[in-house]
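Source file: coords-v9.cif; contents: mmCIF, C-alpha atoms, pLDDT in the B column; chains and numbers go by the auth columns.
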data_entry
#
loop_
_atom_site.group_PDB
_atom_site.id
_atom_site.type_symbol
_atom_site.label_atom_id
_atom_site.label_comp_id
_atom_site.label_asym_id
_atom_site.label_seq_id
_atom_site.Cartn_x
_atom_site.Cartn_y
_atom_site.Cartn_z
_atom_site.B_iso_or_equiv
_atom_site.auth_seq_id
_atom_site.auth_asym_id
ATOM 1 C CA MET A 1 20.632 48.195 146.417 41.00 1 E
ATOM 2 C CA ALA A 2 23.597 48.880 144.214 42.00 2 E
ATOM 3 C CA ALA A 3 26.617 46.689 143.864 45.00 3 E
ATOM 4 C CA VAL A 4 28.927 47.290 146.795 41.00 4 E
ATOM 5 C CA LEU A 5 32.668 47.791 146.736 43.00 5 E
ATOM 6 C CA GLU A 6 34.663 46.928 149.812 39.00 6 E
ATOM 7 C CA SER A 7 38.436 47.325 149.929 38.00 7 E
ATOM 8 C CA ALA A 8 40.779 45.474 152.246 36.00 8 E
ATOM 9 C CA PRO A 9 44.530 44.863 152.296 37.00 9 E
ATOM 10 C CA LEU A 10 45.735 41.553 150.941 34.00 10 E
ATOM 11 C CA PRO A 11 46.233 38.916 153.656 35.00 11 E
ATOM 12 C CA ASP A 12 49.766 37.919 154.585 34.00 12 E
ATOM 13 C CA GLU A 13 48.901 34.234 154.527 35.00 13 E
ATOM 14 C CA PRO A 14 48.923 32.288 151.237 34.00 14 E
ATOM 15 C CA SER A 15 45.592 31.271 149.791 36.00 15 E
ATOM 16 C CA GLY A 16 44.132 28.762 147.352 38.00 16 E
ATOM 17 C CA ASP A 17 46.545 26.160 146.025 38.00 17 E
ATOM 18 C CA ALA A 18 49.540 27.543 147.909 36.00 18 E
ATOM 19 C CA ALA A 19 47.710 27.421 151.231 36.00 19 E
ATOM 20 C CA GLN A 20 46.819 23.799 150.589 37.00 20 E
ATOM 21 C CA GLY A 21 50.331 22.719 149.776 40.00 21 E
ATOM 22 C CA GLY A 22 50.176 23.430 146.061 41.00 22 E
ATOM 23 C CA THR A 23 52.700 25.255 143.944 42.00 23 E
ATOM 24 C CA PRO A 24 53.694 28.566 145.587 43.00 24 E
ATOM 25 C CA GLY A 25 52.532 31.506 143.510 44.00 25 E
ATOM 26 C CA ALA A 26 49.921 29.446 141.644 44.00 26 E
ATOM 27 C CA PRO A 27 46.621 31.309 141.095 45.00 27 E
ATOM 28 C CA ALA A 28 44.050 30.603 143.770 43.00 28 E
ATOM 29 C CA VAL A 29 40.833 28.832 142.811 45.00 29 E
ATOM 30 C CA LEU A 30 37.894 31.119 143.555 48.00 30 E
ATOM 31 C CA THR A 31 35.031 29.497 145.440 48.00 31 E
ATOM 32 C CA PRO A 32 32.263 32.033 146.072 47.00 32 E
ATOM 33 C CA ILE A 33 29.074 30.785 147.732 48.00 33 E
ATOM 34 C CA PRO A 34 25.875 31.074 145.647 46.00 34 E
ATOM 35 C CA SER A 35 23.307 33.464 147.143 58.00 35 E
ATOM 36 C CA GLY A 36 20.053 32.679 145.376 73.00 36 E
ATOM 37 C CA THR A 37 20.602 34.439 142.052 80.00 37 E
ATOM 38 C CA GLY A 38 20.691 31.252 140.004 85.00 38 E
ATOM 39 C CA LEU A 39 24.012 32.326 138.482 88.00 39 E
ATOM 40 C CA LYS A 40 26.729 29.707 138.182 88.00 40 E
ATOM 41 C CA PRO A 41 29.582 30.421 140.625 83.00 41 E
ATOM 42 C CA ILE A 42 32.796 31.774 139.134 83.00 42 E
ATOM 43 C CA GLU A 43 35.447 29.171 139.879 79.00 43 E
ATOM 44 C CA ARG A 44 38.357 30.948 138.203 81.00 44 E
ATOM 45 C CA LEU A 45 38.954 34.096 136.175 85.00 45 E
ATOM 46 C CA THR A 46 40.581 33.846 132.765 84.00 46 E
ATOM 47 C CA SER A 47 44.100 35.322 132.410 81.00 47 E
ATOM 48 C CA ASP A 48 44.701 34.784 136.144 80.00 48 E
ATOM 49 C CA THR A 49 48.250 33.482 135.638 82.00 49 E
ATOM 50 C CA ARG A 50 49.167 36.468 133.474 82.00 50 E
ATOM 51 C CA TYR A 51 47.688 38.981 135.899 85.00 51 E
ATOM 52 C CA ALA A 52 49.481 37.314 138.822 84.00 52 E
ATOM 53 C CA LYS A 53 52.799 38.383 137.256 80.00 53 E
ATOM 54 C CA ILE A 54 51.929 42.090 137.397 81.00 54 E
ATOM 55 C CA ILE A 55 53.792 43.980 140.124 77.00 55 E
ATOM 56 C CA PRO A 56 51.211 46.107 141.947 74.00 56 E
ATOM 57 C CA GLU A 57 51.388 49.835 142.605 74.00 57 E
ATOM 58 C CA SER A 58 48.967 49.557 145.528 69.00 58 E
ATOM 59 C CA GLN A 59 47.500 46.102 145.925 69.00 59 E
ATOM 60 C CA GLN A 60 43.935 45.733 147.182 86.00 60 E
ATOM 61 C CA LEU A 61 41.175 43.182 147.196 89.00 61 E
ATOM 62 C CA THR A 62 37.839 44.693 146.222 92.00 62 E
ATOM 63 C CA VAL A 63 34.564 42.865 146.783 94.00 63 E
ATOM 64 C CA LEU A 64 32.077 43.226 143.936 95.00 64 E
ATOM 65 C CA ARG A 65 28.490 42.144 144.550 95.00 65 E
ATOM 66 C CA TYR A 66 26.509 41.384 141.426 96.00 66 E
ATOM 67 C CA THR A 67 23.144 40.081 140.271 95.00 67 E
ATOM 68 C CA SER A 68 23.296 40.196 136.471 96.00 68 E
ATOM 69 C CA LEU A 69 24.558 37.522 134.100 95.00 69 E
ATOM 70 C CA PHE A 70 26.394 40.191 132.103 97.00 70 E
ATOM 71 C CA THR A 71 28.528 41.246 135.077 97.00 71 E
ATOM 72 C CA ARG A 72 29.238 37.631 135.961 96.00 72 E
ATOM 73 C CA ASN A 73 30.442 36.875 132.438 96.00 73 E
ATOM 74 C CA PHE A 74 32.442 40.107 132.166 97.00 74 E
ATOM 75 C CA VAL A 75 34.229 39.448 135.454 97.00 75 E
ATOM 76 C CA ARG A 76 35.000 35.858 134.541 95.00 76 E
ATOM 77 C CA SER A 77 36.174 36.473 130.980 95.00 77 E
ATOM 78 C CA ASP A 78 37.349 40.091 130.740 96.00 78 E
ATOM 79 C CA TYR A 79 38.331 41.556 134.104 96.00 79 E
ATOM 80 C CA ASN A 80 41.825 40.055 134.445 94.00 80 E
ATOM 81 C CA PHE A 81 42.541 40.693 130.759 96.00 81 E
ATOM 82 C CA CYS A 82 41.616 44.363 131.084 97.00 82 E
ATOM 83 C CA ALA A 83 43.387 44.752 134.428 95.00 83 E
ATOM 84 C CA THR A 84 46.563 43.280 132.938 95.00 84 E
ATOM 85 C CA LYS A 85 46.416 45.552 129.892 96.00 85 E
ATOM 86 C CA ILE A 86 45.765 48.561 132.123 96.00 86 E
ATOM 87 C CA SER A 87 48.801 47.660 134.229 93.00 87 E
ATOM 88 C CA VAL A 88 51.191 47.619 131.256 94.00 88 E
ATOM 89 C CA ALA A 89 49.632 50.534 129.337 95.00 89 E
ATOM 90 C CA ARG A 90 51.908 53.489 128.652 95.00 90 E
ATOM 91 C CA GLY A 91 51.755 56.812 126.797 95.00 91 E
ATOM 92 C CA GLY A 92 48.811 57.301 124.479 96.00 92 E
ATOM 93 C CA LYS A 93 47.172 53.996 125.361 97.00 93 E
ATOM 94 C CA LEU A 94 47.114 54.907 129.041 97.00 94 E
ATOM 95 C CA ARG A 95 45.492 58.214 128.063 97.00 95 E
ATOM 96 C CA ALA A 96 42.924 56.396 125.919 97.00 96 E
ATOM 97 C CA LEU A 97 42.042 54.004 128.744 98.00 97 E
ATOM 98 C CA ASP A 98 41.777 56.808 131.281 97.00 98 E
ATOM 99 C CA ASP A 99 39.502 58.824 128.975 97.00 99 E
ATOM 100 C CA THR A 100 37.349 55.779 128.170 98.00 100 E
ATOM 101 C CA LEU A 101 36.881 54.770 131.798 98.00 101 E
ATOM 102 C CA ARG A 102 36.057 58.338 132.853 98.00 102 E
ATOM 103 C CA GLU A 103 33.542 58.736 130.029 98.00 103 E
ATOM 104 C CA THR A 104 31.948 55.373 130.804 98.00 104 E
ATOM 105 C CA SER A 105 31.617 56.162 134.501 98.00 105 E
ATOM 106 C CA ALA A 106 30.141 59.582 133.713 98.00 106 E
ATOM 107 C CA TRP A 107 27.601 57.988 131.364 98.00 107 E
ATOM 108 C CA PHE A 108 26.547 55.518 134.051 98.00 108 E
ATOM 109 C CA SER A 109 26.172 58.334 136.579 98.00 109 E
ATOM 110 C CA LYS A 110 23.802 60.181 134.238 98.00 110 E
ATOM 111 C CA ALA A 111 21.890 57.004 133.308 97.00 111 E
ATOM 112 C CA ASN A 112 21.403 56.049 136.942 97.00 112 E
ATOM 113 C CA ALA A 113 20.300 59.572 137.845 97.00 113 E
ATOM 114 C CA TRP A 114 17.728 59.457 135.016 96.00 114 E
ATOM 115 C CA VAL A 115 16.321 56.122 136.184 95.00 115 E
ATOM 116 C CA GLU A 116 16.141 57.374 139.770 95.00 116 E
ATOM 117 C CA GLU A 117 13.894 60.216 138.618 94.00 117 E
ATOM 118 C CA HIS A 118 11.171 57.650 137.944 93.00 118 E
ATOM 119 C CA GLY A 119 10.904 56.943 141.664 91.00 119 E
ATOM 120 C CA ALA A 120 10.556 53.177 141.550 92.00 120 E
ATOM 121 C CA ARG A 121 10.657 51.485 144.950 93.00 121 E
ATOM 122 C CA SER A 122 13.929 49.735 145.772 92.00 122 E
ATOM 123 C CA LEU A 123 13.569 46.007 146.363 89.00 123 E
ATOM 124 C CA PRO A 124 15.867 43.474 148.017 91.00 124 E
ATOM 125 C CA TRP A 125 17.961 41.558 145.487 90.00 125 E
ATOM 126 C CA PRO A 126 19.891 38.330 145.976 91.00 126 E
ATOM 127 C CA SER A 127 23.486 38.760 144.900 91.00 127 E
ATOM 128 C CA GLU A 128 26.751 36.952 144.434 93.00 128 E
ATOM 129 C CA SER A 129 30.069 38.376 145.568 93.00 129 E
ATOM 130 C CA ILE A 130 33.623 37.967 144.364 93.00 130 E
ATOM 131 C CA GLU A 131 36.976 39.411 145.386 93.00 131 E
ATOM 132 C CA LEU A 132 38.837 41.180 142.598 94.00 132 E
ATOM 133 C CA GLU A 133 42.501 42.095 142.801 91.00 133 E
ATOM 134 C CA VAL A 134 43.213 45.742 141.990 93.00 134 E
ATOM 135 C CA LYS A 135 46.838 46.592 141.182 92.00 135 E
ATOM 136 C CA ARG A 136 46.366 49.941 139.432 92.00 136 E
ATOM 137 C CA PRO A 137 43.904 52.796 140.114 93.00 137 E
ATOM 138 C CA LEU A 138 42.384 52.449 136.632 95.00 138 E
ATOM 139 C CA ALA A 139 41.528 48.822 137.383 95.00 139 E
ATOM 140 C CA GLY A 140 39.633 50.124 140.397 95.00 140 E
ATOM 141 C CA GLN A 141 37.802 52.491 138.055 97.00 141 E
ATOM 142 C CA LEU A 142 36.790 49.506 135.938 97.00 142 E
ATOM 143 C CA VAL A 143 35.333 47.807 139.019 97.00 143 E
ATOM 144 C CA ARG A 144 33.454 51.039 139.739 97.00 144 E
ATOM 145 C CA CYS A 145 31.946 50.958 136.243 98.00 145 E
ATOM 146 C CA LEU A 146 30.795 47.382 136.843 98.00 146 E
ATOM 147 C CA SER A 147 29.245 48.467 140.132 98.00 147 E
ATOM 148 C CA GLN A 148 27.450 51.304 138.344 98.00 148 E
ATOM 149 C CA TYR A 149 26.179 48.868 135.726 98.00 149 E
ATOM 150 C CA GLU A 150 24.803 46.662 138.495 97.00 150 E
ATOM 151 C CA ARG A 151 22.904 49.586 139.971 97.00 151 E
ATOM 152 C CA LEU A 152 21.502 50.468 136.562 97.00 152 E
ATOM 153 C CA TYR A 153 20.508 46.838 135.963 97.00 153 E
ATOM 154 C CA ARG A 154 18.597 46.596 139.223 96.00 154 E
ATOM 155 C CA ARG A 155 16.953 49.997 139.063 96.00 155 E
ATOM 156 C CA THR A 156 15.768 49.539 135.472 96.00 156 E
ATOM 157 C CA GLN A 157 14.198 46.210 136.440 95.00 157 E
ATOM 158 C CA GLU A 158 12.481 47.851 139.389 95.00 158 E
ATOM 159 C CA ALA A 159 11.236 50.707 137.196 96.00 159 E
ATOM 160 C CA ARG A 160 9.947 48.232 134.614 94.00 160 E
ATOM 161 C CA ASN A 161 8.190 46.122 137.245 94.00 161 E
ATOM 162 C CA ALA A 162 6.566 49.288 138.589 94.00 162 E
ATOM 163 C CA HIS A 163 5.391 50.154 135.039 94.00 163 E
ATOM 164 C CA LYS A 164 7.405 53.370 135.092 94.00 164 E
ATOM 165 C CA LEU A 165 9.628 52.284 132.179 93.00 165 E
ATOM 166 C CA GLY A 166 8.682 50.199 129.151 94.00 166 E
ATOM 167 C CA ASP A 167 10.362 46.950 128.162 94.00 167 E
ATOM 168 C CA GLU A 168 11.949 48.435 125.033 95.00 168 E
ATOM 169 C CA ARG A 169 13.458 51.395 126.895 94.00 169 E
ATOM 170 C CA CYS A 170 14.911 49.155 129.610 95.00 170 E
ATOM 171 C CA THR A 171 16.326 46.693 127.096 95.00 171 E
ATOM 172 C CA ALA A 172 17.856 49.469 124.985 96.00 172 E
ATOM 173 C CA MET A 173 19.431 51.182 127.987 96.00 173 E
ATOM 174 C CA LEU A 174 21.051 47.988 129.265 97.00 174 E
ATOM 175 C CA ALA A 175 22.243 47.059 125.780 97.00 175 E
ATOM 176 C CA ASN A 176 23.888 50.480 125.491 98.00 176 E
ATOM 177 C CA ALA A 177 25.460 50.071 128.927 98.00 177 E
ATOM 178 C CA GLU A 178 26.879 46.669 128.023 98.00 178 E
ATOM 179 C CA LYS A 179 28.254 48.055 124.769 98.00 179 E
ATOM 180 C CA LYS A 180 30.132 50.738 126.699 98.00 180 E
ATOM 181 C CA LEU A 181 31.733 48.171 129.004 98.00 181 E
ATOM 182 C CA LYS A 182 32.680 45.977 126.061 98.00 182 E
ATOM 183 C CA HIS A 183 34.241 49.037 124.410 98.00 183 E
ATOM 184 C CA ILE A 184 36.704 49.178 127.300 98.00 184 E
ATOM 185 C CA VAL A 185 37.846 45.684 126.322 97.00 185 E
ATOM 186 C CA GLN A 186 38.344 46.841 122.738 97.00 186 E
ATOM 187 C CA VAL A 187 40.484 49.784 123.869 97.00 187 E
ATOM 188 C CA CYS A 188 42.612 47.358 125.887 97.00 188 E
ATOM 189 C CA ILE A 189 43.401 45.045 122.956 96.00 189 E
ATOM 190 C CA PRO A 190 45.839 47.113 120.786 96.00 190 E
ATOM 191 C CA ASP A 191 49.466 47.412 121.878 94.00 191 E
ATOM 192 C CA ASN A 192 50.873 50.657 123.284 95.00 192 E
ATOM 193 C CA ASP A 193 52.524 51.607 119.996 94.00 193 E
ATOM 194 C CA GLN A 194 49.150 51.712 118.241 94.00 194 E
ATOM 195 C CA TYR A 195 48.105 54.875 120.102 96.00 195 E
ATOM 196 C CA ASP A 196 49.255 58.465 119.635 94.00 196 E
ATOM 197 C CA LEU A 197 50.150 60.509 122.707 93.00 197 E
ATOM 198 C CA ASP A 198 46.724 62.184 122.743 91.00 198 E
ATOM 199 C CA GLY A 199 45.062 58.790 123.129 93.00 199 E
ATOM 200 C CA SER A 200 43.781 58.496 119.572 93.00 200 E
ATOM 201 C CA ARG A 201 44.205 55.231 117.674 93.00 201 E
ATOM 202 C CA ARG A 202 46.795 55.337 114.912 88.00 202 E
ATOM 203 C CA GLU A 203 45.819 54.563 111.347 77.00 203 E
ATOM 204 C CA LEU A 204 46.912 51.085 110.309 66.00 204 E
#
Could you quickly redo this structure as structure tokens?
Amino acid sequence: MAAVLESAPLPDEPSGDAAQGGTPGAPAVLTPIPSGTGLKPIERLTSDTRYAKIIPESQQLTVLRYTSLFTRNFVRSDYNFCATKISVARGGKLRALDDTLRETSAWFSKANAWVEEHGARSLPWPSESIELEVKRPLAGQLVRCLSQYERLYRRTQEARNAHKLGDERCTAMLANAEKKLKHIVQVCIPDNDQYDLDGSRREL
């Protein structure tokens, strides 16, 4: 099965430290329950304090289910950073991020369709789940790309186990997929003034 996205409105009650009498507004400590994947639980995302300061356009909690170590590490280290940069992006940088996320999602759609053509049998997979805060639509698109990566990860493993895809092809496809997700991080890093209005990066 593919990674699943579930959206729900934020609860009215405080959570984490604030709910336990801690400092109001302090970032909540995440305590997901392991589900047999062998992956270490994510206790806290990096840049959580910075992302907490972003005023949302439409605030949602999205549940991402994942199996791969890559997705776990990306969520822990890069999601809040990217979501924060997306939230403050303007002008050409916003255009660059929108184009990059659309292109990445389109690539995953084609890659997943190609793997599906091999007809490998779907198998049950243990997974972890984590709630991610989405304050801008493009951050939701990033979560979608992670979900698409998870589907590609699982289906390539199933195709390899069924001897429908070779080890080298599976490894190369996942490496390319991970490179595309990491490219999103690289687009997030420069400041707004380093992009022209068409989304191209200015010469330094």
Check: Using only C-alpha atoms, which residue out of E:Arg155, E:Thr100, E:Lys85, E:Leu197 lies closest to Trp114 of chain E?
Finding: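 Ranked by minimum distance to Trp114 of chain E, first place goes to E:Arg155.
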Next item on the list: Provide the atom CA of Arg154 of chain E to atom CA of Val134 of chain E distance in Å, to one decimal place.
Entry: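 So the answer is 24.8 Å.
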Notebook entry, point to check: For Pro56 of chain E, which residue among E:Ala96, E:Ala139, E:Leu39, E:Ala106 is the nearest when counting all atoms listed in the file?
Noted result: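 So, comparing all the options, the nearest one is E:Ala139.
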Item checked: Nearest to Arg50 of chain E, chosen from E:Ser200, E:Asn80, E:Thr71, E:Thr62, with all atoms listed in the file counted in the distances ->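 Checking each candidate against Arg50 of chain E, we get E:Asn80 as the closest.
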Checklist line | Nearest to Ile42 of chain E, chosen from E:Leu132, E:Leu123, E:Ile54, E:Ala111, with all atoms listed in the file counted in the distances | finding: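 The answer is E:Leu132, which sits nearest to Ile42 of chain E.
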Check: Could you tell me, as JSON, numbers by chain, which residues have any atom at most 9 Å from (9.7, 52.2, 145.0), counting only C-alpha atoms?
Finding: {"E": [119, 120, 121, 122, 123, 158, 159, 162]}
Notebook entry, point to check: Just how far from atom CA of Arg151 of chain E is atom CA of Ala83 of chain E, in Å to one decimal?
Noted result: 21.8 Å
Note to self: Using Å and a single decimal, report how far atom CA of Cys188 of chain E sits from atom CA of Arg102 of chain E.
What the structure shows: 14.6 Å
Note to self: Given the PyMOL selection byres ((chain E and resi 78) around 9) and the file above, list the residues it selects as number ranges by chain.
What the structure shows: E: 45-47, 73-77, 79-83, 182, 185
Checklist line | Picked residues, the PyMOL selection byres ((chain E and resi 168-173) around 9), as a count of residues only | finding: 15
